[in-house]
>>> print(open('target00.txt').read())   # compact mmCIF, C-alpha atoms and all ligand atoms
# COMPACT_ATOMS: atom_id res chain seq x y z
CA MET A 1 0.00 0.00 0.00
CA LYS A 2 1.44 3.33 -1.03
CA TYR A 3 0.29 6.54 0.64
CA THR A 4 1.65 9.95 -0.31
CA LEU A 5 1.10 12.97 1.90
CA ALA A 6 1.53 16.14 -0.14
CA ILE A 7 1.97 18.21 2.99
CA THR A 8 2.48 21.48 1.13
CA GLN A 9 1.94 22.87 -2.35
CA GLN A 10 4.64 25.47 -1.81
CA CYS A 11 8.04 25.04 -3.38
CA ASP A 12 11.25 27.07 -3.48
CA LEU A 13 11.99 26.00 -7.07
CA ALA A 14 10.17 26.82 -10.30
CA CYS A 15 10.90 23.84 -12.54
CA ASP A 16 9.82 24.24 -16.16
CA TYR A 17 7.94 20.96 -16.17
CA CYS A 18 6.37 21.22 -12.69
CA TYR A 19 2.99 19.51 -12.43
CA VAL A 20 2.25 20.80 -8.92
CA GLY A 21 -0.35 23.58 -8.78
CA LYS A 22 1.66 25.78 -6.46
CA LYS A 23 -0.11 27.77 -3.77
CA ASN A 24 0.31 28.60 -0.10
CA ALA A 25 -1.42 25.44 1.01
CA VAL A 26 -0.01 23.50 3.97
CA MET A 27 -1.69 20.43 5.42
CA PRO A 28 -3.28 21.22 8.81
CA PHE A 29 -2.11 18.86 11.55
CA SER A 30 -5.74 17.89 12.24
CA THR A 31 -6.04 16.71 8.60
CA ALA A 32 -2.76 14.78 8.86
CA LYS A 33 -4.07 13.08 12.00
CA LYS A 34 -7.18 11.83 10.17
CA ILE A 35 -5.02 10.59 7.28
CA VAL A 36 -2.68 8.72 9.62
CA ASP A 37 -5.67 7.07 11.32
CA PHE A 38 -7.07 6.12 7.90
CA VAL A 39 -3.73 4.77 6.66
CA LEU A 40 -2.86 2.67 9.67
CA ASP A 41 -6.38 1.38 10.30
CA TYR A 42 -7.37 0.77 6.65
CA ALA A 43 -4.21 -0.91 5.25
CA PRO A 44 -4.67 -4.68 4.94
CA LYS A 45 -2.74 -6.33 7.76
CA ASN A 46 -0.71 -8.55 5.43
CA GLU A 47 0.58 -5.71 3.22
CA LYS A 48 3.58 -3.44 3.64
CA ILE A 49 2.87 0.25 4.06
CA ASP A 50 4.88 2.88 2.25
CA ILE A 51 4.21 6.43 3.51
CA GLY A 52 5.90 9.24 1.59
CA PHE A 53 6.16 12.95 2.41
CA PHE A 54 5.80 14.90 -0.78
CA GLY A 55 5.15 18.46 -1.96
CA GLY A 56 5.79 21.00 -3.41
CA GLU A 57 8.94 20.83 -1.36
CA PRO A 58 8.11 18.91 1.84
CA LEU A 59 11.28 19.98 3.71
CA LEU A 60 9.92 23.55 3.75
CA GLU A 61 7.62 22.06 6.39
CA PHE A 62 10.20 20.03 8.29
CA ASP A 63 8.50 20.67 11.65
CA LEU A 64 5.25 19.26 10.27
CA ILE A 65 7.12 16.18 8.98
CA LYS A 66 8.53 15.67 12.48
CA LYS A 67 5.09 15.98 14.08
CA ILE A 68 3.41 13.62 11.61
CA THR A 69 6.23 11.08 11.91
CA ASN A 70 5.80 11.11 15.66
CA LEU A 71 2.05 10.67 15.17
CA ILE A 72 2.61 7.66 12.90
CA GLN A 73 5.12 5.99 15.17
CA SER A 74 3.03 6.42 18.29
CA HIS A 75 -0.17 5.15 16.61
CA ILE A 76 -1.58 2.02 18.17
CA SER A 77 -1.54 0.18 14.80
CA PHE A 78 1.99 1.22 13.80
CA ASP A 79 4.19 -1.73 12.88
CA LEU A 80 7.84 -0.87 12.29
CA ASP A 81 8.49 -4.05 10.32
CA ARG A 82 5.94 -3.32 7.65
CA THR A 83 6.09 0.47 7.42
CA THR A 84 8.56 2.51 5.36
CA LEU A 85 8.73 6.28 5.64
CA SER A 86 10.30 8.45 2.96
CA VAL A 87 10.76 12.09 1.97
CA ALA A 88 11.03 13.22 -1.66
CA THR A 89 12.98 16.47 -1.89
CA ASN A 90 14.23 18.74 -4.65
CA GLY A 91 17.65 18.77 -2.95
CA THR A 92 17.77 22.48 -2.09
CA ILE A 93 17.23 21.92 1.65
CA PHE A 94 19.44 19.73 3.81
CA SER A 95 21.02 20.09 7.24
CA LYS A 96 22.54 18.07 10.05
CA GLU A 97 19.24 18.35 11.93
CA ILE A 98 17.35 16.87 8.98
CA ALA A 99 19.94 14.11 8.54
CA ASP A 100 19.84 13.21 12.24
CA PHE A 101 16.06 13.07 12.19
CA LEU A 102 15.95 10.85 9.08
CA MET A 103 18.61 8.57 10.52
CA LYS A 104 16.93 8.28 13.92
CA ASN A 105 13.60 7.42 12.32
CA ASN A 106 15.01 5.12 9.65
CA MET A 107 13.53 7.23 6.85
CA VAL A 108 14.49 7.15 3.19
CA LEU A 109 15.51 10.40 1.49
CA CYS A 110 14.94 10.64 -2.28
CA ILE A 111 16.55 13.60 -4.06
CA SER A 112 15.68 14.99 -7.48
CA CYS A 113 18.51 16.17 -9.71
CA ASP A 114 18.30 16.17 -13.49
CA GLY A 115 22.05 15.91 -14.09
CA PRO A 116 25.09 18.12 -14.62
CA PRO A 117 24.67 21.90 -14.16
CA PHE A 118 23.92 22.64 -17.82
CA ILE A 119 20.89 20.30 -17.60
CA GLN A 120 19.79 20.93 -13.99
CA ASP A 121 19.92 24.73 -14.33
CA ALA A 122 18.09 24.76 -17.65
CA SER A 123 14.93 23.23 -16.17
CA ARG A 124 15.21 23.27 -12.37
CA HIS A 125 15.86 26.83 -11.25
CA PHE A 126 14.66 29.17 -8.52
CA PRO A 127 11.68 31.44 -9.31
CA ASP A 128 14.02 34.43 -9.81
CA GLY A 129 16.04 32.46 -12.36
CA ARG A 130 18.98 31.59 -10.07
CA ASN A 131 20.64 28.25 -10.72
CA SER A 132 20.00 25.37 -8.35
CA SER A 133 22.81 23.03 -9.42
CA GLY A 134 25.41 24.28 -6.90
CA ILE A 135 23.28 23.82 -3.80
CA VAL A 136 21.75 20.55 -5.00
CA GLU A 137 25.15 19.05 -5.84
CA LYS A 138 26.51 20.09 -2.45
CA ASN A 139 23.51 18.59 -0.64
CA ILE A 140 23.68 15.33 -2.60
CA LYS A 141 27.34 14.94 -1.63
CA GLU A 142 26.59 15.68 2.03
CA ALA A 143 23.61 13.34 2.07
CA LEU A 144 25.65 10.55 0.48
CA ARG A 145 28.23 10.79 3.24
CA ILE A 146 25.50 9.91 5.73
CA PHE A 147 23.18 7.78 3.57
CA PRO A 148 25.38 6.11 0.92
CA LEU A 149 22.43 4.50 -0.87
CA ILE A 150 20.07 7.43 -1.32
CA PRO A 151 18.16 7.30 -4.59
CA VAL A 152 18.51 10.25 -6.94
CA ASN A 153 15.84 10.82 -9.56
CA ALA A 154 16.61 12.55 -12.87
CA VAL A 155 13.84 13.65 -15.20
CA TYR A 156 14.71 13.85 -18.88
CA SER A 157 12.96 15.89 -21.54
CA PRO A 158 13.18 16.04 -25.34
CA GLU A 159 15.76 18.86 -25.16
CA ASN A 160 18.23 16.82 -23.12
CA LEU A 161 17.44 13.20 -23.98
CA GLN A 162 20.67 12.94 -25.96
CA TYR A 163 22.64 13.65 -22.77
CA LEU A 164 21.06 10.89 -20.68
CA PRO A 165 24.27 8.80 -20.61
CA ASP A 166 26.07 11.96 -19.35
CA VAL A 167 23.49 12.24 -16.58
CA VAL A 168 24.41 8.71 -15.48
CA ASP A 169 28.12 9.65 -15.56
CA TYR A 170 27.51 12.82 -13.58
CA LEU A 171 25.45 11.18 -10.82
CA SER A 172 27.93 8.35 -10.69
CA SER A 173 30.80 10.84 -10.30
CA LEU A 174 29.02 12.29 -7.26
CA GLY A 175 28.91 8.80 -5.74
CA VAL A 176 25.22 8.07 -6.36
CA LYS A 177 24.59 4.33 -6.42
CA ASN A 178 20.82 4.32 -6.95
CA ILE A 179 20.02 6.17 -10.16
CA TYR A 180 16.46 6.69 -11.32
CA LEU A 181 15.82 8.02 -14.83
CA ASN A 182 12.28 9.02 -15.71
CA PRO A 183 10.85 10.85 -18.73
CA ASN A 184 9.03 14.12 -18.40
CA ILE A 185 5.65 12.65 -19.25
CA SER A 186 4.01 16.00 -19.97
CA ALA A 187 6.57 16.90 -22.65
CA LYS A 188 5.86 16.90 -26.36
CA TRP A 189 7.80 13.84 -27.44
CA THR A 190 8.09 13.17 -31.16
CA LYS A 191 9.11 10.30 -33.42
CA LYS A 192 12.59 11.79 -33.57
CA GLU A 193 13.23 11.22 -29.86
CA ALA A 194 11.48 7.84 -29.94
CA GLY A 195 13.94 6.81 -32.66
CA MET A 196 16.90 7.83 -30.48
CA LEU A 197 15.87 5.65 -27.55
CA PRO A 198 17.39 2.28 -28.55
CA ARG A 199 20.83 3.86 -28.96
CA ILE A 200 20.62 5.92 -25.76
CA TYR A 201 19.20 3.19 -23.51
CA GLY A 202 21.67 0.75 -25.10
CA SER A 203 24.50 3.09 -24.16
CA ILE A 204 23.20 3.24 -20.56
CA GLY A 205 23.05 -0.58 -20.53
CA LYS A 206 26.70 -0.64 -21.57
CA LYS A 207 27.65 1.79 -18.80
CA TYR A 208 25.69 -0.36 -16.35
CA MET A 209 27.79 -3.39 -17.34
CA ASP A 210 31.02 -1.38 -17.20
CA PHE A 211 30.21 -0.22 -13.67
CA TYR A 212 29.52 -3.80 -12.66
CA ARG A 213 32.70 -5.18 -14.24
CA GLN A 214 34.78 -2.44 -12.61
CA GLY A 215 33.49 -3.58 -9.20
CA LYS A 216 31.39 -0.43 -8.76
CA PRO A 217 27.87 -1.63 -9.53
CA LYS A 218 25.03 0.85 -9.74
CA PHE A 219 21.29 0.37 -9.61
CA ILE A 220 19.80 2.05 -12.67
CA ASN A 221 16.01 1.69 -12.72
CA LEU A 222 15.81 1.66 -16.50
CA ILE A 223 17.94 -1.48 -16.63
CA ASP A 224 17.58 -3.24 -13.26
CA ASN A 225 13.80 -3.08 -13.07
CA LYS A 226 13.44 -4.60 -16.52
CA ILE A 227 16.03 -7.32 -15.84
CA VAL A 228 14.11 -8.39 -12.75
CA VAL A 229 10.80 -8.32 -14.57
CA ILE A 230 12.19 -10.32 -17.50
CA LEU A 231 13.64 -12.95 -15.20
CA ARG A 232 10.43 -13.22 -13.25
CA GLY A 233 8.35 -13.59 -16.40
CA GLY A 234 6.48 -10.29 -16.00
CA TYR A 235 5.25 -7.72 -13.51
CA LYS A 236 3.48 -9.21 -10.50
CA PRO A 237 0.06 -7.88 -9.45
CA LEU A 238 1.41 -5.80 -6.54
CA GLU A 239 4.00 -4.13 -8.75
CA ARG A 240 1.39 -2.88 -11.18
CA CYS A 241 -0.40 0.42 -10.76
CA ARG A 242 -3.19 0.17 -8.22
CA MET A 243 -4.14 3.82 -8.30
CA GLY A 244 -7.07 4.52 -6.03
CA GLY A 245 -6.96 0.95 -4.73
CA GLY A 246 -3.48 0.23 -3.40
CA GLU A 247 -2.17 3.75 -3.86
CA PHE A 248 -3.55 7.04 -2.53
CA ALA A 249 -2.26 10.60 -2.46
CA PHE A 250 -3.54 13.25 -0.05
CA ALA A 251 -3.53 16.97 -0.85
CA PRO A 252 -3.13 19.56 1.95
CA SER A 253 -6.92 20.06 1.80
CA GLY A 254 -7.52 16.41 2.67
CA ASN A 255 -8.69 15.63 -0.85
CA ILE A 256 -7.73 12.12 -1.96
CA TYR A 257 -6.26 11.37 -5.39
CA PRO A 258 -5.22 8.08 -6.99
CA CYS A 259 -1.60 9.25 -7.41
CA GLU A 260 0.44 12.29 -6.31
CA ARG A 261 1.07 13.27 -9.91
CA LEU A 262 -2.68 13.81 -10.34
CA ILE A 263 -3.18 16.30 -7.49
CA GLY A 264 -2.30 19.23 -9.77
CA GLN A 265 -4.20 22.34 -8.60
CA ASP A 266 -6.17 20.21 -6.12
CA ASP A 267 -9.44 21.43 -7.61
CA GLY A 268 -11.28 18.50 -6.02
CA LYS A 269 -12.72 17.61 -9.41
CA ALA A 270 -11.04 15.80 -12.30
CA HIS A 271 -9.03 13.08 -10.55
CA CYS A 272 -10.30 13.49 -7.00
CA ILE A 273 -11.67 10.29 -5.48
CA GLY A 274 -12.79 11.64 -2.12
CA ASN A 275 -11.83 13.61 0.95
CA ILE A 276 -10.47 12.40 4.26
CA ASN A 277 -13.38 14.09 6.06
CA ASP A 278 -16.19 12.81 3.84
CA GLY A 279 -14.88 9.46 2.59
CA PHE A 280 -14.52 8.14 -0.94
CA ILE A 281 -16.76 9.15 -3.81
CA PRO A 282 -18.68 5.97 -4.77
CA GLY A 283 -17.36 4.27 -7.90
CA LYS A 284 -14.14 6.26 -8.06
CA THR A 285 -11.74 3.93 -6.24
CA CYS A 286 -9.94 0.72 -7.17
CA LYS A 287 -8.86 1.49 -10.67
CA THR A 288 -6.73 -1.36 -11.95
CA ILE A 289 -5.33 -0.21 -15.25
CA SER A 290 -5.27 -2.43 -18.29
CA ALA A 291 -4.08 -0.83 -21.51
CA VAL A 292 -6.80 -0.66 -24.14
CA ASN A 293 -4.48 -0.12 -27.12
CA MET A 294 -5.12 -2.80 -29.74
CA GLU A 295 -1.39 -3.28 -30.34
CA CYS A 296 -0.84 -4.08 -26.65
CA GLN A 297 -3.26 -7.00 -26.77
CA THR A 298 -1.01 -8.92 -29.13
CA CYS A 299 2.37 -7.44 -28.18
CA GLY A 300 4.94 -9.97 -27.03
CA LEU A 301 6.29 -7.46 -24.49
CA ARG A 302 3.06 -6.72 -22.69
CA GLU A 303 3.97 -8.63 -19.49
CA TYR A 304 7.24 -6.66 -19.20
CA CYS A 305 5.81 -3.29 -20.13
CA MET A 306 4.57 -0.53 -17.82
CA ASN A 307 1.58 0.16 -20.05
CA TRP A 308 -0.47 -0.05 -16.84
CA CYS A 309 0.83 3.22 -15.32
CA GLY A 310 -2.38 5.25 -15.14
CA CYS A 311 -0.91 8.69 -14.52
CA THR A 312 1.79 8.27 -17.20
CA ASN A 313 -0.91 7.23 -19.64
CA TYR A 314 -3.09 10.14 -18.61
CA PHE A 315 -0.39 12.75 -19.20
CA SER A 316 0.49 11.15 -22.55
CA THR A 317 -2.97 10.53 -23.98
CA GLY A 318 -5.57 12.03 -21.65
CA LYS A 319 -6.77 8.57 -20.60
CA TYR A 320 -5.65 6.35 -17.72
CA ASP A 321 -5.76 3.26 -19.90
CA ALA A 322 -4.38 4.41 -23.27
CA VAL A 323 -0.61 4.25 -23.77
CA GLY A 324 1.13 7.00 -25.72
CA PRO A 325 3.58 6.23 -28.54
CA PHE A 326 6.64 7.59 -26.71
CA ILE A 327 6.03 5.43 -23.62
CA CYS A 328 5.56 2.43 -25.91
CA ALA A 329 8.88 3.20 -27.63
CA SER A 330 10.59 3.81 -24.27
CA GLU A 331 9.36 0.53 -22.77
CA ASN A 332 10.39 -1.29 -25.92
CA ALA A 333 13.90 0.18 -25.80
CA ALA A 334 14.31 -0.41 -22.04
CA ILE A 335 13.27 -4.07 -22.34
CA SER A 336 15.68 -4.55 -25.26
CA ALA A 337 18.55 -2.89 -23.35
CA ALA A 338 17.90 -5.05 -20.27
CA PHE A 339 17.66 -8.17 -22.38
CA HIS A 340 21.01 -7.34 -23.95
CA VAL A 341 22.57 -6.97 -20.48
CA ILE A 342 21.21 -10.38 -19.45
CA GLN A 343 22.73 -11.96 -22.54
CA GLU A 344 26.10 -10.29 -21.96
CA MET A 345 26.15 -11.23 -18.28
CA ARG A 346 25.62 -14.95 -18.86
CA GLU A 347 29.38 -15.43 -18.58
CA ASN A 348 29.26 -14.38 -14.92
CA TRP A 349 25.70 -15.23 -14.04
CA GLN A 350 26.07 -16.47 -10.47
CA ASN A 351 27.68 -13.26 -9.23
CA PHE A 352 25.53 -11.04 -11.36
CA SER A 353 22.31 -12.56 -10.03
CA ASP A 354 23.58 -11.86 -6.50
CA HIS A 355 23.93 -8.21 -7.53
CA ILE A 356 20.38 -8.17 -8.90
CA ALA A 357 19.12 -9.74 -5.67
CA GLY A 358 20.34 -6.66 -3.83
CA THR A 359 18.58 -4.12 -6.01
CA PRO A 360 15.91 -1.89 -4.47
CA LEU A 361 13.13 -3.49 -6.52
CA MET A 362 13.87 -6.99 -5.27
CA ASN A 363 14.27 -5.75 -1.73
CA ALA A 364 11.05 -3.75 -1.92
CA ILE A 365 9.03 -6.68 -3.17
CA GLY A 366 10.72 -8.95 -0.66
CA GLU A 367 11.23 -11.91 -2.96
CA GLY A 368 14.38 -13.91 -3.42
CA ILE A 369 16.21 -14.30 -6.68
CA GLU A 370 16.91 -17.97 -6.12
CA GLU A 371 14.97 -19.18 -9.12
CA THR A 372 16.71 -16.76 -11.43
CA ARG A 373 20.01 -18.42 -10.65
CA GLN A 374 18.86 -21.45 -12.54
CA ASP A 375 20.05 -21.49 -16.11
CA ARG A 376 16.97 -23.37 -17.13
CA ILE A 377 14.70 -20.49 -16.18
CA LEU A 378 17.10 -17.98 -17.62
CA SER A 379 17.07 -19.60 -21.03
CA GLU A 380 13.37 -20.41 -21.02
CA ARG A 381 12.42 -16.85 -20.21
CA THR A 382 14.89 -14.84 -22.17
CA GLN A 383 14.92 -16.68 -25.49
CA PRO A 384 11.22 -16.16 -26.27
CA ILE A 385 11.50 -12.51 -25.27
CA GLU A 386 14.18 -11.95 -27.83
CA MET A 387 12.01 -13.38 -30.55
CA GLN A 388 8.90 -11.56 -29.41
CA ASN A 389 10.79 -8.34 -29.15
CA ARG A 390 12.10 -8.56 -32.67
CA GLU A 391 8.70 -9.51 -33.91
CA HIS A 392 7.24 -6.45 -32.22
CA LEU A 393 9.89 -4.15 -33.62
CA LEU A 394 9.25 -5.45 -37.10
S1 LIG B 401 10.87 20.82 -7.18
FE1 LIG B 401 9.00 19.67 -7.68
S2 LIG B 401 7.29 20.89 -6.86
FE2 LIG B 401 9.12 22.21 -6.92
S3 LIG B 401 8.94 23.27 -8.88
FE3 LIG B 401 10.24 21.48 -9.21
S4 LIG B 401 8.80 19.88 -9.92
FE4 LIG B 401 7.56 21.52 -8.97
S1 LIG B 402 5.65 -2.21 -25.81
FE1 LIG B 402 4.02 -0.86 -26.63
S2 LIG B 402 2.59 -2.22 -27.70
FE2 LIG B 402 3.87 -3.51 -26.36
S3 LIG B 402 2.67 -3.70 -24.50
FE3 LIG B 402 4.08 -1.97 -24.22
S4 LIG B 402 2.89 -0.15 -24.84
FE4 LIG B 402 1.81 -1.95 -25.62
>>> encode(input="target00.txt", output="structure tokens")
Amino acid sequence: MKYTLAITQQCDLACDYCYVGKKNAVMPFSTAKKIVDFVLDYAPKNEKIDIGFFGGEPLLEFDLIKKITNLIQSHISFDLDRTTLSVATNGTIFSKEIADFLMKNNMVLCISCDGPPFIQDASRHFPDGRNSSGIVEKNIKEALRIFPLIPVNAVYSPENLQYLPDVVDYLSSLGVKNIYLNPNISAKWTKKEAGMLPRIYGSIGKKYMDFYRQGKPKFINLIDNKIVVILRGGYKPLERCRMGGGEFAFAPSGNIYPCERLIGQDDGKAHCIGNINDGFIPGKTCKTISAVNMECQTCGLREYCMNWCGCTNYFSTGKYDAVGPFICASENAAISAAFHVIQEMRENWQNFSDHIAGTPLMNAIGEGIEETRQDRILSERTQPIEMQNREHLL
């Protein structure tokens, strides 16, 4: 179960692609209390609970984060073993006090940084135009000294897609070991960029292998997630989007949305599925997404493809269940790049599968990689994918 508390819609940055409807809204503590009661009482007892502090920039309201964390941990239904707390920050705010608090409460810090200064400053700047790269780089380095495995998320857009391998190099040079690369899903992607993807993702796959062979392995979501999914034979039900069923986002007003990316202006209309004070709007919850595109029905990659991501689909096509052409091309290229890595790593499979077993995805899902160590499964699962993939590309 994934719950996101957008505790404020204020932010100190003015990113070009921001999807947050910024305003001076901060979640009242009384609203947070009702949400915490709902989260801890409603979550099925056999499921893990992931509670994320989100914004705007949530660290602008650090005192509120402290109070809500205390509320969660002192709740009668709180279970440390099945609850993960995280904070997603734009990287402009960090201090020893924040680090100590996160450490003491075993919380995960996720930082956003789009890459080297010429990329970061072009899209992620302060409202008065000042660059953010200097402060964000400094904070990432400081955070890494305390939390060596913090994930850093880079968003790429059509203007800087060609530099994606450089983004990996840059984050790696800072010491980042968990690298997340995600497309700006609101951007106007064209066939030109879609055509560049196989080469660019292939180049990232090569870097991924180089890092591994040099004894400095990195987790790169684009590659690792697909490797795991290929080896498992597809996404499992709990990994797929469960927006409004297994995933809820709360705006400062208490309005409930199926995903934090859909809060927007928090108008309480388009994507809103209820309010913490009034309950859910009948018929609006439990949306399990199944892509309606005709080509997906017969595509050999459909089990390995994230065509089920409702908010990504919405921003691409205006519908939760219709995949856009760029996401299709991106999934295709990512699966191909991961498949290539699997083939190349056969020579050293035992050690490589140990590395995969330690990736965040495997840890998050809590499943072992034992079966993937077996060559039989490896060959049974990867050979057909190669053929299906080629068939699809043709
Ligand atoms: S850091 Fe996040 S909330 Fe702030 S402007 Fe950038 S995208 Fe929007
Ligand atoms: S790769 Fe494209 S066609 Fe195939 S399942 Fe994914 S979105 Fe659908």
>>> closest_atom_pairs(input="target00.txt", of="chain A", to="ligand LIG 402 (chain B)", cutoff="6 Å", atoms="only C-alpha atoms and all ligand atoms", output="CSV")
residue,atom,partner,partner_atom,distance
A:Glu295,CA,B:LIG402,S2,4.9
A:Cys296,CA,B:LIG402,FE4,3.6
A:Cys299,CA,B:LIG402,FE2,4.6
A:Leu301,CA,B:LIG402,FE2,5.0
A:Arg302,CA,B:LIG402,S3,3.5
A:Cys305,CA,B:LIG402,FE3,4.6
A:Asn307,CA,B:LIG402,S4,5.0
A:Val323,CA,B:LIG402,S4,5.7
A:Cys328,CA,B:LIG402,FE1,3.7
A:Glu331,CA,B:LIG402,S1,5.5
A:Asn332,CA,B:LIG402,S1,4.8
>>> write_last_selection(input="target00.txt", atoms="C-alpha atoms", output="PDB file, keeping the file's coordinate frame")
ATOM      1  CA  GLU A 295      -1.390  -3.280 -30.340  1.00  0.00           C
ATOM      2  CA  CYS A 296      -0.840  -4.080 -26.650  1.00  0.00           C
ATOM      3  CA  CYS A 299       2.370  -7.440 -28.180  1.00  0.00           C
ATOM      4  CA  LEU A 301       6.290  -7.460 -24.490  1.00  0.00           C
ATOM      5  CA  ARG A 302       3.060  -6.720 -22.690  1.00  0.00           C
ATOM      6  CA  CYS A 305       5.810  -3.290 -20.130  1.00  0.00           C
ATOM      7  CA  ASN A 307       1.580   0.160 -20.050  1.00  0.00           C
ATOM      8  CA  VAL A 323      -0.610   4.250 -23.770  1.00  0.00           C
ATOM      9  CA  CYS A 328       5.560   2.430 -25.910  1.00  0.00           C
ATOM     10  CA  GLU A 331       9.360   0.530 -22.770  1.00  0.00           C
ATOM     11  CA  ASN A 332      10.390  -1.290 -25.920  1.00  0.00           C
TER      12      ASN A 332
END
>>> atom_distance(input="target00.txt", atom1="CA of Lys138 (chain A)", atom2="CA of Lys216 (chain A)")
22.0 Å
>>> residues_near_ligand(input="target00.txt", ligand="ligand LIG 401 (chain B)", cutoff="7 Å", atoms="only C-alpha atoms and all ligand atoms", output="ChimeraX atom specification")
/A:11-15,17-20,55-57,90,124
>>> atom_distance(input="target00.txt", atom1="CA of Val26 (chain A)", atom2="CA of Asp266 (chain A)")
12.3 Å
>>> closest_residue(input="target00.txt", among="A:Ala43, A:Ala338, A:Leu144, A:Leu109", to="Ser173 (chain A)", atoms="all atoms listed in the file")
A:Leu144
>>> atom_distance(input="target00.txt", atom1="CA of Gly268 (chain A)", atom2="CA of Asn255 (chain A)")
6.5 Å
>>> closest_residue(input="target00.txt", among="A:Phe118, A:Phe250, A:Phe352, A:Trp189", to="Ala6 (chain A)", atoms="only C-alpha atoms")
A:Phe250
>>> closest_residue(input="target00.txt", among="A:Ala143, A:Ile111, A:Leu40, A:Ala187", to="Ile76 (chain A)", atoms="only C-alpha atoms")
A:Leu40
>>> closest_residue(input="target00.txt", among="A:Gly300, A:Gly202, A:Pro148, A:Pro325", to="Ile185 (chain A)", atoms="all atoms listed in the file")
A:Pro325
>>> closest_residue(input="target00.txt", among="A:Ile98, A:Gly254, A:Leu197, A:Ile227", to="Phe62 (chain A)", atoms="only C-alpha atoms")
A:Ile98
>>> decode(input="target00.txt", residues="region 66-80 of chain A", atoms="N, CA and C atoms", output="CSV table (one decimal), in the first residue's frame")
chain,number,residue,atom,x,y,z
A,66,LYS,N,8.1,16.2,11.2
A,66,LYS,CA,8.5,15.7,12.5
A,66,LYS,C,7.3,15.3,13.3
A,67,LYS,N,6.3,16.2,13.3
A,67,LYS,CA,5.1,16.0,14.1
A,67,LYS,C,4.3,14.8,13.5
A,68,ILE,N,4.2,14.7,12.2
A,68,ILE,CA,3.4,13.6,11.6
A,68,ILE,C,4.1,12.3,11.8
A,69,THR,N,5.5,12.3,11.7
A,69,THR,CA,6.2,11.1,11.9
A,69,THR,C,6.0,10.6,13.3
A,70,ASN,N,6.0,11.5,14.3
A,70,ASN,CA,5.8,11.1,15.7
A,70,ASN,C,4.4,10.5,15.8
A,71,LEU,N,3.4,11.1,15.1
A,71,LEU,CA,2.1,10.7,15.2
A,71,LEU,C,2.0,9.2,14.6
A,72,ILE,N,2.6,9.0,13.5
A,72,ILE,CA,2.6,7.7,12.9
A,72,ILE,C,3.2,6.6,13.9
A,73,GLN,N,4.4,7.0,14.4
A,73,GLN,CA,5.1,6.0,15.2
A,73,GLN,C,4.5,5.7,16.5
A,74,SER,N,3.7,6.7,17.0
A,74,SER,CA,3.0,6.4,18.3
A,74,SER,C,1.6,5.9,18.1
A,75,HIS,N,1.2,5.7,16.9
A,75,HIS,CA,-0.2,5.1,16.6
A,75,HIS,C,-0.3,3.7,17.1
A,76,ILE,N,-1.4,3.4,17.6
A,76,ILE,CA,-1.6,2.0,18.2
A,76,ILE,C,-1.4,0.9,17.1
A,77,SER,N,-1.7,1.2,15.8
A,77,SER,CA,-1.5,0.2,14.8
A,77,SER,C,-0.2,0.2,14.1
A,78,PHE,N,0.7,1.1,14.5
A,78,PHE,CA,2.0,1.2,13.8
A,78,PHE,C,2.8,-0.1,14.0
A,79,ASP,N,3.4,-0.5,12.9
A,79,ASP,CA,4.2,-1.7,12.9
A,79,ASP,C,5.5,-1.4,12.1
A,80,LEU,N,6.6,-1.3,12.9
A,80,LEU,CA,7.8,-0.9,12.3
A,80,LEU,C,8.3,-1.8,11.2
